[in-house]
Amino acid sequence: MRYKSTRNSKLSLLASQVIAQGISEEGGLFVPECLPQVKEKLPLWRDMDYRSLAKVVFAEFLTDFSLEELDECVEKAYAPAKFGGGEPVKLVPLPNSPGNEHLLELWHGPTCAFKDMALQILPHFLTKSMGKSAAGKTAVILVATSGDTGKAALEGFKDVPGTKIMVFYPKDGVSPMQKRQMATQEGENVGVCAIEGNFDDAQTAVKTIFTDQGMKQALLDKGMLFSSANSINWGRLLPQIVYYFYSYLELHRTGRISSLEEPINIVVPTGNFGNILAAYYASRMGLPVKKFVCASNRNKVLADFIRTGVYDRRREFFATSSPSMDILISSNLERLLYALSGEDSQALTGWMEELAQKGVYEVSPLVKEKLQALFYGGFCDEEATAQTVRRTWEQEGYLCDTHTSVALDVYRQYIEETGDGETPAIIASTASPYKFTQHVLGALEPLETMEEFENLRRLEELTRTSAPRQLLALRDKGIRFTEIVPKEQTAAAVRRMLGIG
Ligand SMILES: *Cc1c(COP(=O)(O)O)cnc(C)c1O
C-alpha cells in the first residue's frame, strides 16, 4: 500500500513515512492510493474480538509493518486494563427511541473521550514508523486542541521514548474538566499552553509552525522533527475505521441485522470531520452504509456546506456546550472532497486556496450531488442540546454527553425529514457525560454551584450512575501548567519548550 497527497497525486510514500511526516510538504493530506476491498472478509471477521479485528484492518493499510509489530501496537494500545476491562467499545441499543438507534460508546479509555481510540495507538505507530524512516530522531508532536484531543494525546505520548509533545488549547474554549485534565498532566516530555484565541486560531498557529522552514531547520540541527497527532495524521484516522466494522458486526452477532449485506445509517457528532470520514472510508471498503448523518452544533458550517455546496467560514464563532465541535475549518473534509472529485488535486488545491484567502469556496455541481447522495447534514442549537440530554435521560434512562446529544437530535431531524426510522443506526457516542458535567447536570436541573467536583457528585447522586475513576482522580492532582500566550507568540512558546533559540 502506497500513499499520495490530496494536493499531489504523484507522490508515492509508505505508511511509515506518512505517519512520521503527518502532513504533506505542499500542505495536502495523505490518503491511501486505493481502499482495500473487504466485503468478502466480513463473514470471517464477524466473530473476532476488537483487538484481532484491529490487527487485520491495520494489516490492510500498514503493509510496511510486520504482523509482529502490529500485534505489539494493538496489544499495548487496547490493553483491557486501559479501557475498564473487556472490549474497548460498547454498543448500547436505545429501545424507546423513534429510530432503530444504537449508541456506539467510544469513551471508555483513559481520558473518557473517543479520541483515546486513536491516540492510544498513534504513539506506537509513530515510534515504529520513525524507527523505519528516521531512526534516532526525536518526534516533536504539536497539537492544537478544542479540548479532548489534547488530553488524549498527552496521555498517549507521555513518557514514550523518542517523543516530545506540546499542546495548545483556546483559553476559554474548553470545559473546566478538560482544562484540569490538561493542567495536571504528568510526564517528563509534555508541555501545555493556553492560547488567547479560539480553536481555529490555535490550529492555524500550529499549522504555520509546521510549515516554517526556519523552525524545521532549527529542529533538525537538534536531531528532532515535527510530527502531528491532529486528525490530519493518517495514523489517527486509520484506528477509527476499526470500530465501524466492529459495531456493524456486533449488530449481526446480536441479531439486530440479519445479513452482512444489510445497510445501516451512521450518525456522527462532527467537528474536524475525522470520525465521520473514517466511517466513509469503512463504507468504501465494503461496509454497507445507507446514509452518513453529519451532526453539527451551532457552528454549523458543515451542515450548511452539505445543503448548499458552499463552504463559508466567514461567520461568527460560538463557544457552545459541545466545545469539541466548535470548529469552523474542518481539516479532514479535504480528504472527502478529494475522493468525491475523482481525486482532482488541482480542483482541490484551488478550493483550499480560496478558503485560505477568501474564507469561502463552492464545489462543482457534480461534487455537491455526490455529497448529498451520501451525507445528510443538520445542526442542533444549545437549547435542543440540553433538551435532548434531558429527554434521553427521562425516556431512555440513558445519560449522554452534550456532543452525543447533538448527534441524537440531528438524527431525529433526519428521521422526521425522510421517514427513515427503520434502518438500524449506529450513533457515535463520543464522550462520557462526566466530562461535561456542568452542561449535563445543568440540562437536568438548575445548577447551584460552578464547582466542578461538587456538580460531579450531584450528577452521580441524581442519576445513580458513577463518574469514571480517571476523572475523580484529577481532584487531588497538582496543577503543573498555567501558561497563557497571545496566538502570535505560539512559535516562541514552542522554541522555549524545545530549548531552541
Ligand atoms: C473531537 C470530538 C468530536 C468531533 O470529532 P471530529 O473527528 O473532529 O469530527 C466530537 N465529540 C467529541 C466528544 C470529541 O472529542
# chains A, B, ... in the order shown; residues from 1 in each chain; ligands from 1
$ residues_around --residues "range 393-402 of chain A" --least-positions-apart "3" --cutoff "7 Å" --atoms "only C-alpha atoms" --output "list in words"
Leu94, Asn96, Ser321, Ser322, Thr385, Val389, Arg390, Ser405, Val406, Ala431, Ser432, Pro433, Phe436 and Val440 of chain A
$ closest_atom_pairs --of "range 280-336 of chain A" --to "range 162-171 of chain A" --cutoff "12 Å" --atoms "only C-alpha atoms" --output "JSON lines"
{"residue": "A:Ala319", "atom": "CA", "partner": "A:Pro170", "partner_atom": "CA", "distance": 10.4}
{"residue": "A:Pro323", "atom": "CA", "partner": "A:Pro170", "partner_atom": "CA", "distance": 10.4}
{"residue": "A:Ser324", "atom": "CA", "partner": "A:Tyr169", "partner_atom": "CA", "distance": 11.0}
{"residue": "A:Asp326", "atom": "CA", "partner": "A:Pro170", "partner_atom": "CA", "distance": 10.8}
{"residue": "A:Ile327", "atom": "CA", "partner": "A:Pro170", "partner_atom": "CA", "distance": 11.5}
$ closest_residue --among "A:Ser330, A:Gln120, A:Ser364, A:Ser258" --to "Phe199 in chain A" --atoms "only C-alpha atoms"
A:Ser330
$ select_by_dssp --residues "range 159-376 of chain A" --states "alpha helix (DSSP H)" --output "PyMOL selection string"
chain A and resi 176-183+199-211+213-221+234-253+274-285+301-308+333-340+345-358+365-374
$ closest_residue --among "A:Phe305, A:Phe453, A:Phe273, A:Phe375" --to "ligand 1" --atoms "only C-alpha atoms and all ligand atoms"
A:Phe273
$ atom_distance --atom1 "atom 6 (P, counted along the ligand's line) of ligand 1" --atom2 "CA of Thr482 in chain A"
26.6 Å
$ residues_near_ligand --ligand "ligand 1" --cutoff "9 Å" --atoms "only C-alpha atoms and all ligand atoms" --output "mmCIF file with C-alpha atoms, in the first residue's frame"
data_model
loop_
_atom_site.group_PDB
_atom_site.id
_atom_site.type_symbol
_atom_site.label_atom_id
_atom_site.label_comp_id
_atom_site.auth_asym_id
_atom_site.auth_seq_id
_atom_site.Cartn_x
_atom_site.Cartn_y
_atom_site.Cartn_z
ATOM 1 C CA TRP A 107 -15.219 6.797 25.611
ATOM 2 C CA CYS A 112 -13.108 9.490 28.672
ATOM 3 C CA ALA A 113 -13.448 10.708 25.059
ATOM 4 C CA PHE A 114 -13.429 8.857 21.741
ATOM 5 C CA LYS A 115 -10.059 10.313 20.832
ATOM 6 C CA THR A 145 -6.964 21.094 20.621
ATOM 7 C CA SER A 146 -10.545 22.036 21.293
ATOM 8 C CA GLY A 147 -10.184 20.004 24.489
ATOM 9 C CA ASP A 148 -10.377 16.267 24.024
ATOM 10 C CA THR A 149 -7.537 15.726 21.556
ATOM 11 C CA SER A 231 -6.648 14.078 12.996
ATOM 12 C CA LEU A 237 -7.685 8.231 11.139
ATOM 13 C CA VAL A 268 -21.530 11.260 13.963
ATOM 14 C CA PRO A 269 -21.258 14.456 16.002
ATOM 15 C CA THR A 270 -18.740 16.246 13.852
ATOM 16 C CA GLY A 271 -16.061 18.879 14.261
ATOM 17 C CA ASN A 272 -12.875 18.346 12.300
ATOM 18 C CA PHE A 273 -14.572 15.705 10.115
ATOM 19 C CA GLY A 274 -12.194 12.922 11.195
ATOM 20 C CA ASN A 275 -14.570 10.498 12.851
ATOM 21 C CA ILE A 276 -17.194 10.631 10.119
ATOM 22 C CA LEU A 277 -14.540 10.374 7.409
ATOM 23 C CA ALA A 278 -13.370 7.091 8.947
ATOM 24 C CA CYS A 294 -23.180 14.665 9.920
ATOM 25 C CA SER A 322 -20.218 20.811 22.924
ATOM 26 C CA PRO A 323 -16.808 22.527 22.675
ATOM 27 C CA SER A 324 -15.024 19.679 20.889
ATOM 28 C CA MET A 325 -17.144 20.510 17.851
ATOM 29 C CA ASP A 326 -16.593 24.276 17.957
ATOM 30 C CA ILE A 327 -14.709 24.423 14.683
ATOM 31 C CA SER A 330 -12.875 21.073 9.239
ATOM 32 C CA SER A 331 -9.492 19.884 8.009
ATOM 33 C CA ASN A 332 -10.427 16.346 7.095
ATOM 34 C CA ASP A 401 -22.948 13.908 26.994
ATOM 35 C CA THR A 402 -23.619 17.100 25.034
ATOM 36 C CA HIS A 403 -21.802 16.003 21.845
ATOM 37 C CA THR A 404 -23.717 12.742 21.687
ATOM 38 C CA ALA A 428 -21.192 7.637 17.758
ATOM 39 C CA SER A 429 -21.236 8.448 21.479
ATOM 40 C CA THR A 430 -18.059 10.428 21.781
ATOM 41 C CA ALA A 431 -17.588 11.422 25.423
ATOM 42 C CA SER A 432 -18.515 10.428 28.943
ATOM 43 C CA LYS A 435 -16.514 15.089 31.043
#
$ closest_atom_pairs --of "range 57-107 of chain A" --to "range 32-35 of chain A" --cutoff "12 Å" --atoms "only C-alpha atoms" --output "Markdown table"
| residue | atom | partner | partner_atom | distance |
| --- | --- | --- | --- | --- |
| A:Val57 | CA | A:Leu35 | CA | 11.3 |
| A:Glu60 | CA | A:Leu35 | CA | 8.8 |
| A:Phe61 | CA | A:Pro32 | CA | 7.8 |
| A:Leu62 | CA | A:Pro32 | CA | 10.0 |
| A:Thr63 | CA | A:Pro32 | CA | 11.4 |
$ write_last_selection --atoms "N, CA and C atoms" --output "PDB file, in the first residue's frame"
ATOM      1  N   VAL A  57      -7.495  -5.170  10.135  1.00  0.00           N
ATOM      2  CA  VAL A  57      -7.770  -3.918   9.403  1.00  0.00           C
ATOM      3  C   VAL A  57      -6.454  -3.162   9.186  1.00  0.00           C
ATOM      4  N   GLU A  60      -4.233  -4.359   6.377  1.00  0.00           N
ATOM      5  CA  GLU A  60      -4.618  -3.969   5.014  1.00  0.00           C
ATOM      6  C   GLU A  60      -3.911  -2.678   4.579  1.00  0.00           C
ATOM      7  N   PHE A  61      -3.635  -1.813   5.541  1.00  0.00           N
ATOM      8  CA  PHE A  61      -3.126  -0.475   5.210  1.00  0.00           C
ATOM      9  C   PHE A  61      -1.644  -0.279   5.523  1.00  0.00           C
ATOM     10  N   LEU A  62      -1.179  -0.920   6.611  1.00  0.00           N
ATOM     11  CA  LEU A  62       0.203  -0.670   7.054  1.00  0.00           C
ATOM     12  C   LEU A  62       1.076  -1.816   6.574  1.00  0.00           C
ATOM     13  N   THR A  63       1.226  -1.903   5.253  1.00  0.00           N
ATOM     14  CA  THR A  63       1.867  -3.078   4.684  1.00  0.00           C
ATOM     15  C   THR A  63       3.378  -3.084   4.892  1.00  0.00           C
TER      16      THR A  63
END
$ residues_around --residues "Leu472 in chain A" --least-positions-apart "2" --cutoff "10 Å" --atoms "only C-alpha atoms" --output "list in words"
Tyr434, Phe453, Leu456, Arg457, Ser466, Ala467, Pro468, Arg469, Gln470, Leu474, Arg475 and Asp476 of chain A
$ write_last_selection --atoms "N, CA and C atoms" --output "PDB file, in the first residue's frame"
ATOM      1  N   TYR A 434     -19.708  12.738  32.164  1.00  0.00           N
ATOM      2  CA  TYR A 434     -18.996  13.370  33.281  1.00  0.00           C
ATOM      3  C   TYR A 434     -17.847  14.253  32.809  1.00  0.00           C
ATOM      4  N   PHE A 453     -16.309  19.539  40.902  1.00  0.00           N
ATOM      5  CA  PHE A 453     -16.412  18.239  41.576  1.00  0.00           C
ATOM      6  C   PHE A 453     -17.670  18.114  42.439  1.00  0.00           C
ATOM      7  N   LEU A 456     -20.177  17.136  39.920  1.00  0.00           N
ATOM      8  CA  LEU A 456     -19.957  15.745  39.553  1.00  0.00           C
ATOM      9  C   LEU A 456     -20.622  14.813  40.571  1.00  0.00           C
ATOM     10  N   ARG A 457     -20.433  15.147  41.839  1.00  0.00           N
ATOM     11  CA  ARG A 457     -21.051  14.315  42.866  1.00  0.00           C
ATOM     12  C   ARG A 457     -22.582  14.385  42.800  1.00  0.00           C
ATOM     13  N   SER A 466     -22.130   6.275  37.951  1.00  0.00           N
ATOM     14  CA  SER A 466     -20.840   6.568  38.571  1.00  0.00           C
ATOM     15  C   SER A 466     -19.948   7.334  37.623  1.00  0.00           C
ATOM     16  N   ALA A 467     -19.284   8.337  38.142  1.00  0.00           N
ATOM     17  CA  ALA A 467     -18.295   9.053  37.336  1.00  0.00           C
ATOM     18  C   ALA A 467     -17.094   8.137  37.115  1.00  0.00           C
ATOM     19  N   PRO A 468     -16.445   8.262  35.941  1.00  0.00           N
ATOM     20  CA  PRO A 468     -15.241   7.451  35.700  1.00  0.00           C
ATOM     21  C   PRO A 468     -14.152   7.768  36.727  1.00  0.00           C
ATOM     22  N   ARG A 469     -13.458   6.722  37.173  1.00  0.00           N
ATOM     23  CA  ARG A 469     -12.424   6.953  38.195  1.00  0.00           C
ATOM     24  C   ARG A 469     -11.341   7.903  37.702  1.00  0.00           C
ATOM     25  N   GLN A 470     -11.041   7.867  36.378  1.00  0.00           N
ATOM     26  CA  GLN A 470      -9.974   8.733  35.862  1.00  0.00           C
ATOM     27  C   GLN A 470     -10.267  10.196  36.156  1.00  0.00           C
ATOM     28  N   LEU A 474      -8.561  13.280  39.289  1.00  0.00           N
ATOM     29  CA  LEU A 474      -7.953  14.581  38.971  1.00  0.00           C
ATOM     30  C   LEU A 474      -8.026  15.554  40.140  1.00  0.00           C
ATOM     31  N   ARG A 475      -8.999  15.340  40.958  1.00  0.00           N
ATOM     32  CA  ARG A 475      -9.251  16.225  42.066  1.00  0.00           C
ATOM     33  C   ARG A 475      -8.005  16.459  42.938  1.00  0.00           C
ATOM     34  N   ASP A 476      -7.247  15.405  43.138  1.00  0.00           N
ATOM     35  CA  ASP A 476      -6.114  15.516  44.055  1.00  0.00           C
ATOM     36  C   ASP A 476      -4.779  15.706  43.360  1.00  0.00           C
TER      37      ASP A 476
END
$ residues_around --residues "Lys222 in chain A" --least-positions-apart "4" --cutoff "12 Å" --atoms "only C-alpha atoms" --output "PyMOL selection string"
chain A and resi 136-140+215-218+226+495+498-501
